[in-house]
>>> print(open('run-v6.pdb').read())   # PDB, C-alpha atoms, pLDDT in the B column
ATOM      1  CA  GLN A  28     104.192  97.006 129.377  1.00 82.00           C
ATOM      2  CA  LEU A  29     106.810  97.033 126.665  1.00 88.00           C
ATOM      3  CA  GLN A  30     109.041 100.098 126.449  1.00 93.00           C
ATOM      4  CA  LEU A  31     111.117 101.008 123.409  1.00 95.00           C
ATOM      5  CA  VAL A  32     114.094 103.348 123.330  1.00 96.00           C
ATOM      6  CA  GLU A  33     115.801 104.458 120.126  1.00 97.00           C
ATOM      7  CA  SER A  34     119.430 105.535 119.999  1.00 97.00           C
ATOM      8  CA  GLY A  35     122.155 106.192 117.459  1.00 97.00           C
ATOM      9  CA  GLY A  36     120.718 109.179 115.675  1.00 96.00           C
ATOM     10  CA  GLY A  37     122.762 112.239 114.784  1.00 97.00           C
ATOM     11  CA  LEU A  38     124.088 114.540 112.107  1.00 98.00           C
ATOM     12  CA  VAL A  39     125.861 112.974 109.154  1.00 98.00           C
ATOM     13  CA  GLN A  40     127.016 114.193 105.763  1.00 98.00           C
ATOM     14  CA  PRO A  41     125.456 112.896 102.560  1.00 98.00           C
ATOM     15  CA  GLY A  42     126.922 109.504 101.778  1.00 98.00           C
ATOM     16  CA  GLY A  43     127.577 108.817 105.438  1.00 98.00           C
ATOM     17  CA  SER A  44     126.349 106.011 107.663  1.00 98.00           C
ATOM     18  CA  LEU A  45     124.470 105.579 110.921  1.00 98.00           C
ATOM     19  CA  THR A  46     123.099 102.653 112.877  1.00 98.00           C
ATOM     20  CA  LEU A  47     119.928 103.112 114.862  1.00 98.00           C
ATOM     21  CA  SER A  48     119.138 100.814 117.766  1.00 97.00           C
ATOM     22  CA  CYS A  49     115.783 100.056 119.299  1.00 95.00           C
ATOM     23  CA  ALA A  50     116.063  98.510 122.759  1.00 94.00           C
ATOM     24  CA  ALA A  51     113.028  96.830 124.284  1.00 91.00           C
ATOM     25  CA  THR A  52     112.470  96.497 128.007  1.00 89.00           C
ATOM     26  CA  GLY A  53     109.587  95.135 130.014  1.00 85.00           C
ATOM     27  CA  PHE A  54     109.487  92.171 127.668  1.00 66.00           C
ATOM     28  CA  THR A  55     107.701  89.265 129.327  1.00 57.00           C
ATOM     29  CA  GLY A  56     107.824  86.602 126.692  1.00 61.00           C
ATOM     30  CA  VAL A  57     105.253  87.956 124.303  1.00 64.00           C
ATOM     31  CA  TYR A  58     106.404  87.731 120.728  1.00 80.00           C
ATOM     32  CA  TYR A  59     106.524  90.945 118.767  1.00 89.00           C
ATOM     33  CA  SER A  60     107.563  92.286 115.398  1.00 93.00           C
ATOM     34  CA  ILE A  61     109.392  95.593 115.186  1.00 94.00           C
ATOM     35  CA  GLY A  62     108.733  98.290 112.658  1.00 96.00           C
ATOM     36  CA  TRP A  63     110.756 101.389 111.879  1.00 97.00           C
ATOM     37  CA  PHE A  64     108.970 104.548 110.823  1.00 98.00           C
ATOM     38  CA  ARG A  65     110.194 108.025 110.044  1.00 98.00           C
ATOM     39  CA  GLN A  66     108.670 111.450 109.892  1.00 98.00           C
ATOM     40  CA  ALA A  67     110.290 114.268 107.985  1.00 97.00           C
ATOM     41  CA  PRO A  68     109.414 117.918 108.714  1.00 92.00           C
ATOM     42  CA  GLY A  69     106.037 118.781 107.254  1.00 94.00           C
ATOM     43  CA  LYS A  70     105.375 115.227 106.101  1.00 96.00           C
ATOM     44  CA  GLU A  71     103.376 112.279 107.346  1.00 96.00           C
ATOM     45  CA  ARG A  72     105.040 109.429 109.153  1.00 96.00           C
ATOM     46  CA  GLU A  73     105.950 106.592 106.815  1.00 96.00           C
ATOM     47  CA  GLY A  74     106.963 102.992 107.269  1.00 96.00           C
ATOM     48  CA  VAL A  75     110.612 102.214 106.610  1.00 97.00           C
ATOM     49  CA  SER A  76     111.072  98.609 107.646  1.00 96.00           C
ATOM     50  CA  CYS A  77     109.707  95.691 109.631  1.00 96.00           C
ATOM     51  CA  ILE A  78     111.339  92.579 111.039  1.00 94.00           C
ATOM     52  CA  SER A  79     109.548  89.589 112.449  1.00 89.00           C
ATOM     53  CA  VAL A  80     110.178  87.749 115.702  1.00 76.00           C
ATOM     54  CA  ARG A  81     112.665  85.225 114.386  1.00 73.00           C
ATOM     55  CA  ASP A  82     113.843  87.165 111.377  1.00 68.00           C
ATOM     56  CA  GLU A  83     111.823  84.941 109.080  1.00 75.00           C
ATOM     57  CA  ASP A  84     110.405  87.848 107.177  1.00 86.00           C
ATOM     58  CA  ALA A  85     111.289  91.487 106.818  1.00 88.00           C
ATOM     59  CA  TYR A  86     110.322  94.521 104.827  1.00 90.00           C
ATOM     60  CA  LEU A  87     112.239  97.541 103.556  1.00 93.00           C
ATOM     61  CA  ARG A  88     110.760 100.554 101.868  1.00 94.00           C
ATOM     62  CA  ASP A  89     111.698 100.768  98.183  1.00 94.00           C
ATOM     63  CA  SER A  90     113.491 104.090  98.576  1.00 95.00           C
ATOM     64  CA  VAL A  91     115.912 102.614 101.129  1.00 96.00           C
ATOM     65  CA  LYS A  92     116.550  99.200  99.597  1.00 96.00           C
ATOM     66  CA  GLY A  93     120.230  98.658  98.984  1.00 96.00           C
ATOM     67  CA  ARG A  94     121.099 101.323 101.584  1.00 98.00           C
ATOM     68  CA  PHE A  95     119.300 100.242 104.770  1.00 98.00           C
ATOM     69  CA  ALA A  96     119.323  96.873 106.491  1.00 96.00           C
ATOM     70  CA  VAL A  97     117.300  95.707 109.485  1.00 95.00           C
ATOM     71  CA  SER A  98     118.377  93.033 111.966  1.00 92.00           C
ATOM     72  CA  ARG A  99     117.614  91.956 115.504  1.00 90.00           C
ATOM     73  CA  ASN A 100     119.364  90.385 118.479  1.00 89.00           C
ATOM     74  CA  ASN A 101     116.745  88.632 120.577  1.00 84.00           C
ATOM     75  CA  VAL A 102     119.219  87.979 123.391  1.00 86.00           C
ATOM     76  CA  LYS A 103     119.710  91.713 123.773  1.00 89.00           C
ATOM     77  CA  ASN A 104     116.083  92.506 122.869  1.00 89.00           C
ATOM     78  CA  THR A 105     117.407  95.021 120.374  1.00 92.00           C
ATOM     79  CA  VAL A 106     116.626  95.744 116.743  1.00 93.00           C
ATOM     80  CA  TYR A 107     119.049  97.599 114.489  1.00 96.00           C
ATOM     81  CA  LEU A 108     118.597  99.727 111.415  1.00 97.00           C
ATOM     82  CA  ASP A 109     121.879 100.031 109.546  1.00 98.00           C
ATOM     83  CA  MET A 110     121.871 102.964 107.164  1.00 98.00           C
ATOM     84  CA  ILE A 111     124.564 103.658 104.567  1.00 98.00           C
ATOM     85  CA  ASN A 112     124.849 106.145 101.702  1.00 98.00           C
ATOM     86  CA  LEU A 113     122.471 108.470 103.506  1.00 98.00           C
ATOM     87  CA  LYS A 114     120.764 111.193 101.523  1.00 98.00           C
ATOM     88  CA  PRO A 115     119.313 114.536 102.614  1.00 97.00           C
ATOM     89  CA  GLU A 116     115.835 113.123 102.004  1.00 96.00           C
ATOM     90  CA  ASP A 117     116.496 110.566 104.747  1.00 98.00           C
ATOM     91  CA  THR A 118     116.418 113.403 107.271  1.00 98.00           C
ATOM     92  CA  ALA A 119     113.627 112.647 109.732  1.00 98.00           C
ATOM     93  CA  ILE A 120     112.775 111.515 113.220  1.00 98.00           C
ATOM     94  CA  TYR A 121     113.007 107.742 113.240  1.00 98.00           C
ATOM     95  CA  TYR A 122     110.687 105.745 115.470  1.00 98.00           C
ATOM     96  CA  CYS A 123     110.598 102.080 116.307  1.00 97.00           C
ATOM     97  CA  ALA A 124     107.330 100.388 117.147  1.00 97.00           C
ATOM     98  CA  ALA A 125     106.309  96.936 118.348  1.00 95.00           C
ATOM     99  CA  LYS A 126     103.454  94.729 117.213  1.00 93.00           C
ATOM    100  CA  SER A 127     102.585  92.214 119.944  1.00 90.00           C
ATOM    101  CA  ALA A 128     101.735  88.662 118.995  1.00 86.00           C
ATOM    102  CA  PRO A 129     101.809  89.422 115.274  1.00 89.00           C
ATOM    103  CA  PRO A 130     100.074  87.172 112.765  1.00 88.00           C
ATOM    104  CA  LYS A 131     102.154  84.988 110.503  1.00 86.00           C
ATOM    105  CA  ASN A 132     103.983  86.873 107.764  1.00 88.00           C
ATOM    106  CA  PHE A 133     103.031  90.195 109.338  1.00 92.00           C
ATOM    107  CA  CYS A 134     106.153  91.949 108.078  1.00 93.00           C
ATOM    108  CA  SER A 135     105.607  90.737 104.532  1.00 88.00           C
ATOM    109  CA  GLY A 136     102.263  92.418 104.201  1.00 84.00           C
ATOM    110  CA  TYR A 137     101.168  95.951 103.523  1.00 86.00           C
ATOM    111  CA  ILE A 138      99.688  96.213 107.009  1.00 90.00           C
ATOM    112  CA  ALA A 139     103.221  96.317 108.460  1.00 92.00           C
ATOM    113  CA  GLN A 140     103.453  99.839 107.051  1.00 92.00           C
ATOM    114  CA  LEU A 141     100.386 101.034 108.933  1.00 93.00           C
ATOM    115  CA  GLU A 142     100.977 102.880 112.187  1.00 95.00           C
ATOM    116  CA  LEU A 143      97.747 101.690 113.751  1.00 95.00           C
ATOM    117  CA  GLN A 144      98.939  98.103 113.616  1.00 95.00           C
ATOM    118  CA  TYR A 145     101.544  98.735 116.293  1.00 96.00           C
ATOM    119  CA  ASP A 146     100.962  98.632 120.033  1.00 94.00           C
ATOM    120  CA  TYR A 147     104.051 100.315 121.471  1.00 95.00           C
ATOM    121  CA  TRP A 148     106.203 103.209 120.285  1.00 97.00           C
ATOM    122  CA  GLY A 149     109.527 104.739 121.151  1.00 97.00           C
ATOM    123  CA  ARG A 150     110.049 108.468 121.417  1.00 97.00           C
ATOM    124  CA  GLY A 151     112.150 108.718 118.296  1.00 98.00           C
ATOM    125  CA  ALA A 152     115.690 109.553 117.254  1.00 98.00           C
ATOM    126  CA  GLN A 153     116.638 112.464 115.027  1.00 98.00           C
ATOM    127  CA  VAL A 154     118.629 111.712 111.898  1.00 98.00           C
ATOM    128  CA  THR A 155     119.898 114.716 109.962  1.00 98.00           C
ATOM    129  CA  VAL A 156     121.734 114.325 106.683  1.00 98.00           C
ATOM    130  CA  SER A 157     123.336 117.575 105.655  1.00 97.00           C
ATOM    131  CA  SER A 158     126.615 118.974 104.432  1.00 95.00           C
TER     132      SER A 158
END
>>> encode(input="run-v6.pdb", output="structure tokens")
Amino acid sequence: QLQLVESGGGLVQPGGSLTLSCAATGFTGVYYSIGWFRQAPGKEREGVSCISVRDEDAYLRDSVKGRFAVSRNNVKNTVYLDMINLKPEDTAIYYCAAKSAPPKNFCSGYIAQLELQYDYWGRGAQVTVSS
């Protein structure tokens, strides 16, 4: 059973930066892609990014392109979401999720934005952007 734990959330002023981490444990050699989702108060959860097993493809939501970057360290079994120039509308609970044995080019397709595609979820990390 894969377990995911997010960390790095917090309160930051507009224009500030944060890096979220998603650490995976219980990994037994099954390949997986990692997606980041977020849910703002009163809104549905939305896909933010996806990164494939060997970083060969990745996805970023249009509204965060140029401000967010996703990367992974397979030695540490950790995926990172670097966020700069944060805006109040980025305020949300951020979740990471894992897709086991993903098909080729999974992160390049629309399905990477669909919650039901993922098999494991973390509990989330709060990001609040406010002055």
>>> resolve_selection(input="run-v6.pdb", expression="the PyMOL selection byres ((chain A and resi 127) around 6)", output="list in words")
Tyr58, Tyr59, Lys126, Ala128 and Pro129 of chain A
>>> resolve_selection(input="run-v6.pdb", expression="the PyMOL selection byres ((chain A and resi 86) around 10)", output="PyMOL selection string")
chain A and resi 62-63+74-79+84-85+87-89+92+96-97+133-137+139-140
>>> residues_around(input="run-v6.pdb", residues="Arg94 in chain A", least_positions_apart="5", cutoff="12 Å", atoms="only C-alpha atoms", output="PyMOL selection string")
chain A and resi 42-46+75+87-89+108-114+117
>>> residues_around(input="run-v6.pdb", residues="Tyr122 in chain A", least_positions_apart="3", cutoff="8 Å", atoms="all atoms listed in the file", output="ChimeraX atom specification")
/A:33,63-65,148-152
>>> atom_distance(input="run-v6.pdb", atom1="CA of Leu29 in chain A", atom2="CA of Ala125 in chain A")
8.3 Å
>>> atom_distance(input="run-v6.pdb", atom1="CA of Val102 in chain A", atom2="CA of Leu143 in chain A")
27.2 Å
>>> residues_around(input="run-v6.pdb", residues="Glu71 in chain A", least_positions_apart="3", cutoff="12 Å", atoms="all atoms listed in the file", output="list of chain:residue names")
A:Phe64, A:Arg65, A:Gln66, A:Ala67, A:Pro68, A:Gly74, A:Ala119, A:Ile120, A:Leu141, A:Glu142
>>> build_atoms(input="run-v6.pdb", residues="range 109-127 of chain A", atoms="N, CA and C atoms", output="short mmCIF file (atom, residue, chain, number, x, y, z; two decimals), in the frame of the given file")
data_model
loop_
_atom_site.label_atom_id
_atom_site.label_comp_id
_atom_site.auth_asym_id
_atom_site.auth_seq_id
_atom_site.Cartn_x
_atom_site.Cartn_y
_atom_site.Cartn_z
N ASP A 109 120.61 99.57 110.09
CA ASP A 109 121.88 100.03 109.55
C ASP A 109 121.62 100.85 108.29
N MET A 110 122.13 102.05 108.27
CA MET A 110 121.87 102.96 107.16
C MET A 110 123.20 103.42 106.56
N ILE A 111 123.36 103.20 105.27
CA ILE A 111 124.56 103.66 104.57
C ILE A 111 124.14 104.55 103.41
N ASN A 112 125.11 105.26 102.84
CA ASN A 112 124.85 106.14 101.70
C ASN A 112 123.62 107.03 101.97
N LEU A 113 123.62 107.65 103.11
CA LEU A 113 122.47 108.47 103.51
C LEU A 113 122.34 109.69 102.61
N LYS A 114 121.09 110.06 102.39
CA LYS A 114 120.76 111.19 101.52
C LYS A 114 120.02 112.26 102.33
N PRO A 115 120.05 113.48 101.89
CA PRO A 115 119.31 114.54 102.61
C PRO A 115 117.83 114.19 102.81
N GLU A 116 117.25 113.48 101.87
CA GLU A 116 115.84 113.12 102.00
C GLU A 116 115.58 112.05 103.06
N ASP A 117 116.65 111.50 103.64
CA ASP A 117 116.50 110.57 104.75
C ASP A 117 116.36 111.30 106.08
N THR A 118 116.54 112.61 106.05
CA THR A 118 116.42 113.40 107.27
C THR A 118 115.01 113.28 107.84
N ALA A 119 114.92 112.87 109.11
CA ALA A 119 113.63 112.65 109.73
C ALA A 119 113.84 112.23 111.18
N ILE A 120 112.76 112.18 111.92
CA ILE A 120 112.78 111.52 113.22
C ILE A 120 112.40 110.06 112.95
N TYR A 121 113.23 109.17 113.45
CA TYR A 121 113.01 107.74 113.24
C TYR A 121 112.45 107.12 114.53
N TYR A 122 111.36 106.39 114.35
CA TYR A 122 110.69 105.74 115.47
C TYR A 122 110.70 104.23 115.29
N CYS A 123 110.85 103.51 116.38
CA CYS A 123 110.60 102.08 116.31
C CYS A 123 109.28 101.80 117.04
N ALA A 124 108.63 100.75 116.60
CA ALA A 124 107.33 100.39 117.15
C ALA A 124 107.22 98.87 117.20
N ALA A 125 106.45 98.37 118.16
CA ALA A 125 106.31 96.94 118.35
C ALA A 125 104.87 96.49 118.13
N LYS A 126 104.75 95.38 117.43
CA LYS A 126 103.45 94.73 117.21
C LYS A 126 103.47 93.46 118.05
N SER A 127 102.63 93.38 119.07
CA SER A 127 102.58 92.21 119.94
C SER A 127 101.85 91.07 119.27
#
